[in-house]
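Trainee: The file below is my_file-v5.txt, compact mmCIF, C-alpha atoms:
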# COMPACT_ATOMS: atom_id res chain seq x y z
CA PHE C 1202 3.83 -38.14 16.79
CA PRO C 1203 4.61 -36.38 20.07
CA ALA C 1204 3.36 -32.83 20.42
CA VAL C 1205 6.05 -30.25 19.83
CA ARG C 1206 5.72 -26.96 21.66
CA LEU C 1207 7.23 -24.22 19.58
CA PRO C 1208 8.54 -21.03 21.19
CA MET C 1209 6.35 -17.96 20.86
CA VAL C 1210 7.69 -15.93 17.95
CA ALA C 1211 6.86 -12.24 17.43
CA VAL C 1212 6.89 -10.84 13.90
CA PRO C 1213 5.93 -7.14 13.93
CA THR C 1214 4.39 -5.68 10.77
CA THR C 1215 4.37 -2.05 11.98
CA ALA C 1216 7.04 0.10 13.60
CA GLY C 1217 5.52 1.29 16.84
CA THR C 1218 4.42 -0.94 19.67
CA GLY C 1219 7.68 -2.73 20.39
CA SER C 1220 5.52 -5.61 21.62
CA GLU C 1221 8.05 -8.06 20.21
CA VAL C 1222 10.28 -7.24 23.18
CA THR C 1223 7.74 -6.67 25.97
CA GLN C 1224 5.35 -8.75 28.05
CA VAL C 1225 2.46 -6.34 27.56
CA SER C 1226 -0.71 -7.11 25.63
CA VAL C 1227 -3.67 -4.78 25.06
CA ILE C 1228 -7.19 -6.07 24.51
CA SER C 1229 -10.10 -3.95 23.29
CA HIS C 1230 -13.67 -5.12 23.74
CA GLY C 1231 -16.45 -2.74 22.88
CA LYS C 1232 -15.63 0.53 24.62
CA GLU C 1233 -13.24 -1.13 27.05
CA LYS C 1234 -9.48 -1.20 26.56
CA LYS C 1235 -7.45 -3.20 29.06
CA THR C 1236 -3.77 -4.04 29.48
CA ILE C 1237 -2.42 -7.45 30.45
CA ASN C 1238 1.16 -7.46 31.74
CA ASN C 1239 2.46 -10.97 32.25
CA PRO C 1240 5.75 -12.78 31.54
CA VAL C 1241 3.93 -15.41 29.46
CA PHE C 1242 3.46 -12.76 26.77
CA MET C 1243 7.20 -12.24 26.36
CA PRO C 1244 8.21 -13.75 23.01
CA LYS C 1245 11.08 -16.22 22.96
CA LEU C 1246 12.14 -14.98 19.54
CA ALA C 1247 11.52 -11.75 17.65
CA ILE C 1248 11.93 -11.54 13.88
CA VAL C 1249 12.01 -7.86 12.93
CA ASP C 1250 11.96 -7.48 9.14
CA PRO C 1251 11.47 -3.83 8.06
CA ALA C 1252 10.36 -5.03 4.62
CA LEU C 1253 7.10 -6.13 6.23
CA THR C 1254 6.33 -2.47 7.02
CA LEU C 1255 6.75 -1.16 3.46
CA THR C 1256 3.01 -1.34 2.73
CA VAL C 1257 1.84 0.28 5.96
CA PRO C 1258 -0.35 3.31 5.04
CA PRO C 1259 0.97 6.81 5.82
CA ARG C 1260 -1.46 7.59 8.64
CA THR C 1261 -0.77 4.28 10.38
CA THR C 1262 2.94 4.91 9.87
CA MET C 1263 2.60 8.19 11.75
CA ASN C 1264 0.39 6.72 14.48
CA THR C 1265 2.73 3.84 15.20
CA GLY C 1266 5.83 6.01 14.91
CA LEU C 1267 4.50 8.42 17.51
CA ASP C 1268 3.65 5.45 19.73
CA ALA C 1269 7.35 4.49 19.56
CA MET C 1270 8.25 8.08 20.46
CA ALA C 1271 5.84 7.98 23.41
CA HIS C 1272 7.30 4.71 24.65
CA ALA C 1273 10.83 6.11 24.60
CA LEU C 1274 9.99 9.44 26.21
CA GLU C 1275 7.73 8.00 28.89
CA GLY C 1276 10.21 5.26 29.71
CA TYR C 1277 12.86 7.98 30.03
CA TRP C 1278 10.89 10.25 32.36
CA SER C 1279 9.08 7.49 34.25
CA LYS C 1280 9.78 7.54 37.99
CA ASN C 1281 11.13 4.01 37.54
CA HIS C 1282 13.68 4.83 34.82
CA GLN C 1283 17.08 3.15 34.84
CA PRO C 1284 20.39 4.03 33.10
CA ILE C 1285 20.09 1.26 30.51
CA SER C 1286 16.52 2.15 29.58
CA ASP C 1287 17.56 5.82 29.42
CA ALA C 1288 20.25 5.04 26.84
CA LEU C 1289 17.82 3.04 24.73
CA ALA C 1290 15.24 5.83 24.93
CA VAL C 1291 17.65 8.49 23.67
CA GLN C 1292 18.53 6.39 20.64
CA ALA C 1293 14.88 5.62 19.91
CA VAL C 1294 13.91 9.30 20.07
CA ARG C 1295 16.75 10.26 17.75
CA LEU C 1296 15.77 7.60 15.21
CA VAL C 1297 12.12 8.70 15.20
CA LEU C 1298 13.06 12.35 14.77
CA GLU C 1299 15.36 11.53 11.86
CA ASN C 1300 13.19 8.99 10.02
CA LEU C 1301 9.46 9.27 10.76
CA GLU C 1302 8.74 12.07 8.30
CA THR C 1303 10.54 10.23 5.49
CA ALA C 1304 8.74 6.95 6.25
CA TYR C 1305 5.43 8.83 6.33
CA ARG C 1306 6.01 10.62 3.02
CA ASP C 1307 7.73 7.74 1.19
CA GLY C 1308 6.71 4.38 2.55
CA SER C 1309 8.96 2.60 0.08
CA ASN C 1310 12.12 4.06 1.63
CA LEU C 1311 13.67 0.95 3.15
CA GLU C 1312 16.32 2.87 5.08
CA ALA C 1313 13.71 4.97 6.86
CA ARG C 1314 11.55 1.90 7.47
CA THR C 1315 14.55 0.02 8.87
CA ASN C 1316 15.41 2.85 11.24
CA MET C 1317 11.80 3.13 12.39
CA SER C 1318 11.67 -0.63 13.06
CA LEU C 1319 14.79 -0.24 15.18
CA ALA C 1320 13.27 2.78 16.94
CA ALA C 1321 10.15 0.78 17.77
CA LEU C 1322 12.21 -2.10 19.14
CA LEU C 1323 14.39 0.21 21.23
CA GLY C 1324 11.31 2.08 22.40
CA GLY C 1325 9.77 -1.20 23.55
CA LEU C 1326 12.91 -2.08 25.48
CA SER C 1327 13.13 1.41 26.98
CA PHE C 1328 9.69 1.23 28.62
CA ALA C 1329 9.57 -2.50 29.39
CA LEU C 1330 11.12 -2.05 32.83
CA PRO C 1331 10.09 1.51 33.92
CA LYS C 1332 6.64 1.42 32.22
CA THR C 1333 4.90 4.33 30.53
CA ALA C 1334 3.36 7.34 32.26
CA GLY C 1335 0.99 10.27 31.68
CA SER C 1336 0.43 10.16 27.92
CA HIS C 1337 -0.40 6.48 27.94
CA ALA C 1338 -2.70 6.94 30.95
CA CYS C 1339 -4.58 9.62 29.01
CA SER C 1340 -4.72 7.43 25.90
CA TYR C 1341 -7.18 4.99 27.45
CA PRO C 1342 -10.22 7.29 27.72
CA LEU C 1343 -9.28 8.89 24.39
CA SER C 1344 -9.44 5.46 22.72
CA GLU C 1345 -12.42 4.14 24.68
CA ASP C 1346 -14.65 7.21 24.44
CA TYR C 1347 -13.45 8.89 21.22
CA HIS C 1348 -12.15 5.87 19.26
CA LEU C 1349 -8.67 7.22 18.62
CA PRO C 1350 -6.13 4.62 17.47
CA HIS C 1351 -3.59 3.88 20.19
CA GLY C 1352 -0.68 5.85 18.73
CA GLU C 1353 -2.85 8.86 17.94
CA ALA C 1354 -4.33 8.73 21.44
CA CYS C 1355 -0.86 8.71 23.03
CA ALA C 1356 0.32 11.51 20.75
CA PHE C 1357 -2.72 13.65 21.61
CA THR C 1358 -1.14 14.73 24.91
CA LEU C 1359 2.52 13.83 24.28
CA ASP C 1360 3.73 17.34 23.45
CA SER C 1361 1.78 18.65 26.44
CA PHE C 1362 3.59 16.21 28.73
CA VAL C 1363 6.94 17.17 27.20
CA ARG C 1364 6.30 20.71 28.44
CA ILE C 1365 4.89 19.57 31.78
CA ASN C 1366 7.77 17.17 32.47
CA ALA C 1367 10.52 19.46 31.18
CA ASP C 1368 13.57 19.35 33.45
CA ASP C 1369 17.35 19.08 33.18
CA ARG C 1370 17.18 15.36 32.39
CA LEU C 1371 14.77 15.87 29.51
CA GLU C 1372 16.83 18.81 28.24
CA GLY C 1373 19.79 16.43 28.20
CA LEU C 1374 17.88 13.88 26.15
CA CYS C 1375 16.94 16.56 23.66
CA ARG C 1376 20.52 17.69 23.19
CA ARG C 1377 21.73 14.09 22.79
CA ALA C 1378 19.00 13.56 20.19
CA GLY C 1379 20.16 16.62 18.22
CA LEU C 1380 17.58 19.15 19.42
CA SER C 1381 18.00 22.50 21.12
CA GLY C 1382 15.73 21.58 24.02
CA THR C 1383 12.29 20.55 25.18
CA GLN C 1384 10.50 23.35 23.33
CA GLU C 1385 11.84 22.08 20.01
CA LEU C 1386 10.91 18.51 20.94
CA ALA C 1387 7.32 19.52 21.72
CA ASP C 1388 7.15 21.52 18.49
CA ARG C 1389 8.45 18.57 16.44
CA ILE C 1390 5.84 16.23 17.92
CA ARG C 1391 3.12 18.76 17.18
CA ALA C 1392 4.42 19.14 13.61
CA PHE C 1393 4.27 15.37 13.08
CA LYS C 1394 0.65 15.32 14.21
CA LYS C 1395 -0.29 18.27 12.04
CA GLU C 1396 1.35 16.80 8.93
CA ALA C 1397 -0.64 13.58 9.23
CA GLY C 1398 -3.88 15.34 10.09
CA LEU C 1399 -4.13 13.65 13.49
CA LYS C 1400 -6.55 14.94 16.08
CA MET C 1401 -4.91 17.63 18.20
CA THR C 1402 -7.68 19.52 20.02
CA LEU C 1403 -10.84 18.75 21.97
CA SER C 1404 -12.89 20.25 19.15
CA ASP C 1405 -11.29 17.71 16.80
CA LEU C 1406 -12.79 15.00 19.00
CA GLY C 1407 -16.29 16.45 18.78
CA ASP C 1408 -18.20 16.91 22.00
CA ALA C 1409 -15.25 16.23 24.31
CA ASP C 1410 -15.55 16.85 28.05
CA PRO C 1411 -12.19 17.85 29.59
CA ALA C 1412 -13.46 17.11 33.10
CA ALA C 1413 -14.49 13.57 32.17
CA LEU C 1414 -11.20 12.91 30.39
CA ALA C 1415 -9.27 14.21 33.39
CA LYS C 1416 -11.26 12.10 35.83
CA ALA C 1417 -10.67 8.91 33.84
CA ALA C 1418 -6.97 9.57 33.27
CA ALA C 1419 -6.24 10.57 36.86
CA VAL C 1420 -7.15 7.15 38.25
CA HIS C 1421 -5.22 5.14 35.68
CA PRO C 1422 -2.27 3.37 37.37
CA LEU C 1423 0.24 4.57 34.75
CA MET C 1424 -0.33 8.17 35.85
CA GLN C 1425 1.53 7.30 39.05
CA ASN C 1426 4.73 6.89 36.99
CA ASN C 1427 4.69 10.50 35.79
CA PRO C 1428 7.51 12.56 37.35
CA VAL C 1429 5.23 15.56 37.83
CA ARG C 1430 2.18 14.83 39.95
CA MET C 1431 -0.91 15.14 37.76
CA ASP C 1432 -4.13 15.06 39.75
CA GLU C 1433 -7.58 15.49 38.29
CA ALA C 1434 -7.43 19.30 38.48
CA ALA C 1435 -4.04 19.47 36.73
CA LEU C 1436 -5.21 17.13 33.99
CA LYS C 1437 -8.38 19.14 33.48
CA THR C 1438 -6.26 22.27 33.02
CA MET C 1439 -4.06 20.42 30.51
CA PHE C 1440 -7.05 19.21 28.48
CA GLU C 1441 -8.72 22.63 28.57
CA ALA C 1442 -5.55 24.10 27.04
CA LEU C 1443 -6.12 21.74 24.10
CA SER C 1444 -9.57 23.20 23.39
If you took the structure in this file and wrote it as structure tokens, what would it be?

Mentor:
Amino acid sequence: FPAVRLPMVAVPTTAGTGSEVTQVSVISHGKEKKTINNPVFMPKLAIVDPALTLTVPPRTTMNTGLDAMAHALEGYWSKNHQPISDALAVQAVRLVLENLETAYRDGSNLEARTNMSLAALLGGLSFALPKTAGSHACSYPLSEDYHLPHGEACAFTLDSFVRINADDRLEGLCRRAGLSGTQELADRIRAFKKEAGLKMTLSDLGDADPAALAKAAAVHPLMQNNPVRMDEAALKTMFEALS
């Protein structure tokens, strides 16, 4: 029989990465974590069935949900943002705000799981073109050196970057997502992390060196997408505030 080449099909079983609609793949080997961005990784077909996420444990639900939030926010404030990705990001943020807590507390709630699956997909689309920024850049040393899962590593600095990147555009996103402003958004992200018992401070990480974290994050290419310039000194100050 002749060989039949089937199209690459993506079937996500968590609501977070949005990888079913991006060409990004992440590989971890030992302490190294590297990203491959290539069109060959773009699925030809995505089957998103929220029922497949019903058995995801609460902590993983929170980690992946905050990854979706990070994708949407960073795609929105990335220097490379575009109107279409902006619209997708707003919707993704709103869905996470309205459904993540329910999905975390009651994993059997199909409506919340469905909305989180949609949020993850929209979050993937919202960063696919503009790419992520500061929080994802910081996530690499946090995962490599302190073994944080990807979503938890992104969330570690996400509320900090909300405050750092606060401007009229971000205030507009917050209002369109049903919030009063960037302060409430940062507080909601922090509340999500606290509820799930995620790591939030350098002391939670153990013997964490803010200077080393800042040095590693400053040279990551994704940091160049952040709308506010964050050099090594600025990042060190940010990490020290999380002591």

Trainee: For a quick check of understanding, using only C-alpha atoms, which of C:Ala1288, C:Ala1392, C:Val1222, C:Met1243 has the smallest distance to Met1263 (chain C)?

Mentor: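 Smallest distance to Met1263 (chain C) is found for C:Ala1392.
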
Trainee: Which one of C:Leu1246, C:Ala1321, C:Ala1304, C:Ala1334 sits closest to Gly1217 (chain C) if you count all atoms listed in the file?

Mentor: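 Of C:Leu1246, C:Ala1321, C:Ala1304, C:Ala1334, the one nearest Gly1217 (chain C), counting all atoms listed in the file, is C:Ala1321.
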
Trainee: Find the residues around region 1276-1287 of chain C up to 9 Å (all atoms listed in the file counted), leave out those fewer than 3 positions away in its own chain, and share them as a list in words.

Mentor: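 So, after excluding close chain neighbours, the residues are Ala1271, His1272, Ala1273, Ala1290, Val1291, Gln1292, Leu1323, Gly1324, Gly1325, Leu1326, Ser1327, Phe1328, Ala1329, Leu1330, Pro1331, Lys1332, Thr1333, Ala1334, Gly1335, Asn1366, Arg1370, Leu1371, Leu1374, Gln1425, Asn1426, Asn1427 and Pro1428 of chain C.
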
Trainee: Which residue, C:Ala1216, C:Ala1338, C:Ile1248, C:Val1227, has the smallest gap to Asp1268 (chain C) when you use all atoms listed in the file?

Mentor: C:Ala1216

Trainee: Take CA of Leu1289 (chain C) and CA of Leu1359 (chain C) and report the distance between them in Å, one decimal.

Mentor: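 Spanning CA of Leu1289 (chain C) to CA of Leu1359 (chain C) is a straight-line distance of 18.7 Å.
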
Trainee: Write out as number ranges by chain which residues come within 9 Å of region 1311-1317 of chain C when counting all atoms listed in the file, dropping same-chain ones fewer than 3 positions away.

Mentor: C: 1216-1217, 1250-1252, 1254-1255, 1266, 1269, 1293, 1296-1297, 1299-1304, 1307-1308, 1320-1322

Trainee: Save the residues we just selected, C-alpha atoms, as a tab-separated table (two decimals), in the coordinates of the input?

Mentor:
chain	number	residue	atom	x	y	z
C	1216	ALA	CA	7.04	0.10	13.60
C	1217	GLY	CA	5.52	1.29	16.84
C	1250	ASP	CA	11.96	-7.48	9.14
C	1251	PRO	CA	11.47	-3.83	8.06
C	1252	ALA	CA	10.36	-5.03	4.62
C	1254	THR	CA	6.33	-2.47	7.02
C	1255	LEU	CA	6.75	-1.16	3.46
C	1266	GLY	CA	5.83	6.01	14.91
C	1269	ALA	CA	7.35	4.49	19.56
C	1293	ALA	CA	14.88	5.62	19.91
C	1296	LEU	CA	15.77	7.60	15.21
C	1297	VAL	CA	12.12	8.70	15.20
C	1299	GLU	CA	15.36	11.53	11.86
C	1300	ASN	CA	13.19	8.99	10.02
C	1301	LEU	CA	9.46	9.27	10.76
C	1302	GLU	CA	8.74	12.07	8.30
C	1303	THR	CA	10.54	10.23	5.49
C	1304	ALA	CA	8.74	6.95	6.25
C	1307	ASP	CA	7.73	7.74	1.19
C	1308	GLY	CA	6.71	4.38	2.55
C	1320	ALA	CA	13.27	2.78	16.94
C	1321	ALA	CA	10.15	0.78	17.77
C	1322	LEU	CA	12.21	-2.10	19.14
